[in-house]
Structure formats: C-alpha cells, structure tokens
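Novice: The structure file target23.cif (mmCIF, C-alpha atoms) is provided below.
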```cif
data_entry
loop_
_atom_site.label_atom_id
_atom_site.label_comp_id
_atom_site.auth_asym_id
_atom_site.auth_seq_id
_atom_site.Cartn_x
_atom_site.Cartn_y
_atom_site.Cartn_z
CA MET O 7 65.85 -57.01 -24.16
CA LYS O 8 69.50 -57.87 -23.54
CA SER O 9 69.35 -56.66 -19.92
CA CYS O 10 66.24 -58.80 -19.41
CA SER O 11 68.07 -61.82 -20.82
CA ILE O 12 70.95 -61.13 -18.46
CA ALA O 13 68.55 -60.74 -15.53
CA ILE O 14 66.89 -64.08 -16.33
CA THR O 15 70.31 -65.71 -16.73
CA LEU O 16 71.53 -64.42 -13.38
CA LEU O 17 68.29 -65.32 -11.67
CA LEU O 18 68.28 -68.88 -12.97
CA ALA O 19 72.02 -69.40 -12.50
CA SER O 20 71.81 -68.36 -8.86
CA GLY O 21 69.68 -71.44 -8.15
CA ALA O 22 72.30 -73.76 -9.62
CA SER O 23 74.27 -73.80 -6.38
CA ALA O 24 71.28 -75.52 -4.80
CA PHE O 25 72.17 -78.53 -6.91
CA ALA O 26 75.81 -78.75 -5.81
CA PRO O 27 76.71 -82.24 -4.55
CA ALA O 28 77.10 -82.74 -0.84
CA PHE O 29 77.72 -86.43 -0.17
CA ALA O 30 80.00 -85.89 2.81
CA SER O 31 77.22 -85.78 5.38
CA GLN O 32 74.37 -88.14 6.11
CA ARG O 33 70.95 -86.77 5.17
CA THR O 34 67.42 -87.62 6.16
CA ALA O 35 64.96 -87.94 3.29
CA VAL O 36 62.48 -85.07 3.27
CA VAL O 37 59.86 -84.52 0.62
CA THR O 38 59.58 -80.87 -0.34
CA GLU O 39 57.97 -78.90 -3.08
CA ARG O 40 60.35 -76.44 -4.65
CA SER O 41 59.10 -73.22 -6.12
CA MET O 42 61.32 -70.71 -7.80
CA PHE O 43 59.22 -67.72 -6.78
CA SER O 44 56.33 -67.47 -4.39
CA GLY O 45 52.98 -66.97 -6.05
CA GLY O 46 54.24 -67.86 -9.51
CA GLY O 47 52.80 -71.33 -9.81
CA ASP O 48 53.81 -73.29 -12.86
CA GLY O 49 54.37 -70.28 -15.11
CA ALA O 50 51.44 -71.18 -17.34
CA LEU O 51 49.39 -68.39 -18.83
CA LEU O 52 46.65 -67.50 -16.40
CA GLU O 53 43.05 -66.96 -17.38
CA ASP O 54 41.29 -63.68 -16.66
CA ASP O 55 39.00 -65.48 -14.20
CA ASP O 56 41.80 -65.83 -11.63
CA PRO O 57 42.73 -62.24 -10.79
CA GLU O 58 44.46 -63.12 -7.49
CA LYS O 59 46.99 -65.41 -9.15
CA MET O 60 47.49 -62.96 -12.00
CA LYS O 61 48.08 -60.13 -9.54
CA ALA O 62 50.59 -62.23 -7.56
CA MET O 63 52.41 -63.09 -10.79
CA GLU O 64 52.44 -59.45 -11.89
CA GLU O 65 53.87 -58.40 -8.52
CA ALA O 66 56.55 -61.08 -8.62
CA ALA O 67 57.51 -60.10 -12.16
CA LYS O 68 57.55 -56.40 -11.28
CA SER O 69 59.76 -57.01 -8.22
CA MET O 70 62.35 -58.55 -10.55
CA GLY O 71 62.05 -55.91 -13.24
CA MET O 72 60.44 -58.31 -15.70
CA SER O 73 57.25 -58.40 -17.69
CA VAL O 74 54.74 -61.15 -16.88
CA GLY O 75 55.70 -62.89 -20.14
CA GLU O 76 59.39 -62.84 -19.24
CA TYR O 77 58.57 -64.09 -15.76
CA GLN O 78 56.50 -66.94 -17.20
CA LEU O 79 59.33 -67.81 -19.59
CA GLY O 80 61.74 -67.97 -16.66
CA MET O 81 59.35 -70.23 -14.75
CA LYS O 82 58.87 -72.56 -17.73
CA ALA O 83 62.62 -72.74 -18.32
CA ARG O 84 63.23 -73.52 -14.64
CA MET O 85 60.60 -76.28 -14.62
CA LYS O 86 62.10 -77.77 -17.79
CA PHE O 87 65.56 -77.66 -16.19
CA GLU O 88 64.37 -79.31 -12.96
CA LYS O 89 62.58 -82.09 -14.86
CA GLU O 90 65.63 -82.70 -17.01
CA ILE O 91 68.02 -83.08 -14.09
CA GLY O 92 65.49 -85.22 -12.22
CA ASP O 93 65.35 -87.60 -15.19
CA MET O 94 69.15 -87.94 -15.41
CA ARG O 95 70.74 -91.17 -14.10
CA TYR O 96 74.39 -91.70 -13.24
CA SER O 97 76.04 -94.92 -12.12
CA GLY O 98 79.36 -95.50 -10.40
CA GLY O 99 81.18 -98.48 -9.01
CA ASN O 100 80.76 -102.04 -10.26
CA ASP O 101 78.44 -105.04 -9.95
CA ASP O 102 79.65 -105.80 -6.41
CA ILE O 103 79.62 -102.28 -4.93
CA GLY O 104 78.05 -99.35 -6.71
CA VAL O 105 75.54 -96.52 -6.74
CA GLU O 106 72.99 -94.96 -9.08
CA VAL O 107 71.68 -91.43 -8.60
CA ASP O 108 69.67 -88.84 -10.49
CA GLY O 109 71.06 -85.45 -11.53
CA LYS O 110 69.85 -83.59 -8.43
CA ALA O 111 72.05 -82.82 -5.45
CA PRO O 112 71.13 -84.11 -3.03
CA ALA O 113 69.68 -86.89 -5.13
CA ASP O 114 66.00 -87.77 -4.99
CA HIS O 115 66.77 -91.13 -6.62
CA MET O 116 69.57 -93.14 -5.07
CA VAL O 117 70.26 -96.85 -5.30
CA VAL O 118 73.22 -98.31 -3.40
CA LYS O 119 74.10 -101.88 -4.29
CA ILE O 120 76.38 -104.14 -2.29
CA SER O 121 76.38 -107.78 -3.33
CA SER O 122 77.47 -110.75 -1.22
CA ASP O 123 80.82 -110.66 -3.00
CA GLY O 124 81.07 -106.96 -2.16
CA LYS O 125 80.34 -107.65 1.52
CA ALA O 126 83.01 -110.35 1.51
CA LYS O 127 85.60 -107.71 0.64
CA GLY O 128 85.24 -106.23 4.11
CA LYS O 129 84.15 -102.96 5.65
CA ASP O 130 87.18 -100.92 4.54
CA ALA O 131 86.92 -102.06 0.92
CA VAL O 132 83.19 -101.33 0.83
CA ASN O 133 83.84 -97.88 2.30
CA THR O 134 86.62 -97.13 -0.19
CA GLU O 135 84.68 -98.38 -3.22
CA LEU O 136 81.47 -96.57 -2.23
CA THR O 137 83.39 -93.34 -1.72
CA ALA O 138 84.95 -93.71 -5.18
CA ALA O 139 81.54 -94.52 -6.71
CA PHE O 140 79.97 -91.44 -5.12
CA LYS O 141 82.82 -89.26 -6.37
CA THR O 142 82.27 -90.63 -9.87
CA VAL O 143 78.52 -89.94 -9.90
CA SER O 144 79.00 -86.59 -8.22
CA GLU O 145 81.32 -85.40 -10.97
CA ALA O 146 79.09 -86.84 -13.70
CA GLY O 147 76.06 -85.16 -12.15
CA LYS O 148 77.88 -81.85 -11.92
CA ASN O 149 78.75 -82.04 -15.62
CA GLY O 150 75.21 -83.11 -16.50
CA ARG O 151 73.68 -80.21 -14.57
CA ALA O 152 76.05 -77.78 -16.31
CA GLU O 153 74.94 -79.11 -19.70
CA ALA O 154 71.28 -78.93 -18.67
CA GLN O 155 71.79 -75.32 -17.60
CA LYS O 156 73.33 -74.52 -20.98
CA GLY O 157 70.28 -76.12 -22.59
CA MET O 158 67.99 -74.03 -20.39
CA MET O 159 69.73 -70.84 -21.45
CA GLN O 160 69.51 -71.89 -25.11
CA TYR O 161 65.79 -72.51 -24.62
CA ILE O 162 65.32 -69.03 -23.16
CA GLN O 163 67.24 -67.43 -26.05
CA GLU O 164 65.18 -69.31 -28.62
CA GLN O 165 61.90 -68.37 -26.95
CA MET O 166 62.87 -64.70 -26.70
CA LYS O 167 63.72 -64.58 -30.44
CA GLY O 168 60.46 -66.10 -31.60
#
```
Would you mind giving the structure from this file in structure tokens?
Specialist:
Amino acid sequence: MKSCSIAITLLLASGASAFAPAFASQRTAVVTERSMFSGGGDGALLEDDDPEKMKAMEEAAKSMGMSVGEYQLGMKARMKFEKEIGDMRYSGGNDDIGVEVDGKAPADHMVVKISSDGKAKGKDAVNTELTAAFKTVSEAGKNGRAEAQKGMMQYIQEQMKG
C-alpha cells in the first residue's frame, strides 16, 4: 500500500512541472483538453455495459502497477487539483497598471489592465510595472499550486485510509 501511495505521489508530482510559470515569451492562446492518461476518462467508476472503456482503464492501471481503484483515485485527485488551480486568482500591480491570472501556468485566465493614467507614465514605466506585476502573480501562483498539490496528496491519503 505504501509503494502504491509513493507511485501515485510520483506520478502526480511529475505533472506539476507542466504548471511552472513561463511569462518570458509571448504565447498564442490554444484551447486544449488535458488528460492525465489516455483512455482513463474522468476516473469515474465505469458500468459493466462499457467493456471497452473498462478494458482501457484496466490496461492503463496495469501499465503503472496500480489497481483500477487506485488508478481511478489518482484520476479523481488530478481532476480535483486541476479544478482547484483553475479557480485560483492572483492579482499584481495597481489600479493603473496590473494583471490578474488564474493558478495555471500558462494562465487560462489573464486580465491585463492599463488605465489612462498608466499609459501617461510612458512605455518604459508600463513595461517595468507589468514585469513586476507578472513576477508577483507568478510567485503567488507557484505558492498556490504547491499548496494545492499538498491538498491533493492529503486527499489521496484520506481516501486510501477509508
């Protein structure tokens, strides 16, 4: 049971680097659907009337040395984690020049505000203040994701006990 817990921990922690902030480069918005494992779906218990999905889930679980129940627990924990970081909001800057982002990196939710007073400060000031605001939200997001990951691991431990 302990080795399974360690395997789930390592598996879920390895995905955390996908959420590392990368504000240095310009990105084009792309809508994607993320799936932790192929064929696993949402991790919900499957009915007997869908043998193809059940077989795919069994194969995925077996390839990771897990039972189907452990695999489903990992999927549920991952979905809970992703929802939690997607619901996070971090703000940086001030009323003239600032940003708001969610907990994901790169962010799905991003609001950049530059007021007339902010524009009047000039290009260099806007650049400097936006850079500082992004550093602030990047660090806050990093800390928030770390806390969410701790919560995910606590969730897994609680579910495995009961």
Novice: Any idea what's packed within 12 Å of Ala138 in chain O, counting only C-alpha atoms, ignoring anything in its chain fewer than 2 positions away? Could you give it as an NGL selection string?
Specialist: :O and (29 or 97-100 or 103-105 or 131-136 or 140-145)
Novice: Kindly give the distance, in Å, that separates CA of Tyr96 in chain O and CA of Ser121 in chain O, rounded to a single decimal.
Specialist: 19.0 Å
Novice: Which residues are near Gly147 in chain O? Cut-off 8 Å, all atoms listed in the file, ignore same chain within fewer than 5 positions. Put them as a PDB file with C-alpha atoms, in the coordinates of the input.
Specialist:
```
ATOM      1  CA  TYR O  96      74.390 -91.700 -13.240  1.00  0.00           C
ATOM      2  CA  ASP O 108      69.670 -88.840 -10.490  1.00  0.00           C
ATOM      3  CA  GLY O 109      71.060 -85.450 -11.530  1.00  0.00           C
ATOM      4  CA  LYS O 110      69.850 -83.590  -8.430  1.00  0.00           C
TER       5      LYS O 110
END
```
Novice: Care to translate the PyMOL selection byres ((chain O and resi 93) around 12) into actual residues of this file, as a short mmCIF file (atom, residue, chain, number, x, y, z; two decimals) with C-alpha atoms, keeping the file's coordinate frame?
Specialist:
```
data_model
loop_
_atom_site.label_atom_id
_atom_site.label_comp_id
_atom_site.auth_asym_id
_atom_site.auth_seq_id
_atom_site.Cartn_x
_atom_site.Cartn_y
_atom_site.Cartn_z
CA LYS O 86 62.10 -77.77 -17.79
CA PHE O 87 65.56 -77.66 -16.19
CA GLU O 88 64.37 -79.31 -12.96
CA LYS O 89 62.58 -82.09 -14.86
CA GLU O 90 65.63 -82.70 -17.01
CA ILE O 91 68.02 -83.08 -14.09
CA GLY O 92 65.49 -85.22 -12.22
CA MET O 94 69.15 -87.94 -15.41
CA ARG O 95 70.74 -91.17 -14.10
CA TYR O 96 74.39 -91.70 -13.24
CA VAL O 107 71.68 -91.43 -8.60
CA ASP O 108 69.67 -88.84 -10.49
CA GLY O 109 71.06 -85.45 -11.53
CA LYS O 110 69.85 -83.59 -8.43
CA ALA O 113 69.68 -86.89 -5.13
CA ASP O 114 66.00 -87.77 -4.99
CA HIS O 115 66.77 -91.13 -6.62
CA GLY O 147 76.06 -85.16 -12.15
CA GLY O 150 75.21 -83.11 -16.50
CA ARG O 151 73.68 -80.21 -14.57
CA ALA O 154 71.28 -78.93 -18.67
#
```
Novice: Measure the distance from CA of Met60 in chain O to CA of Met159 in chain O in Å and round it to one decimal.
Specialist: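 Rounded to one decimal, the two atoms are 25.4 Å apart.
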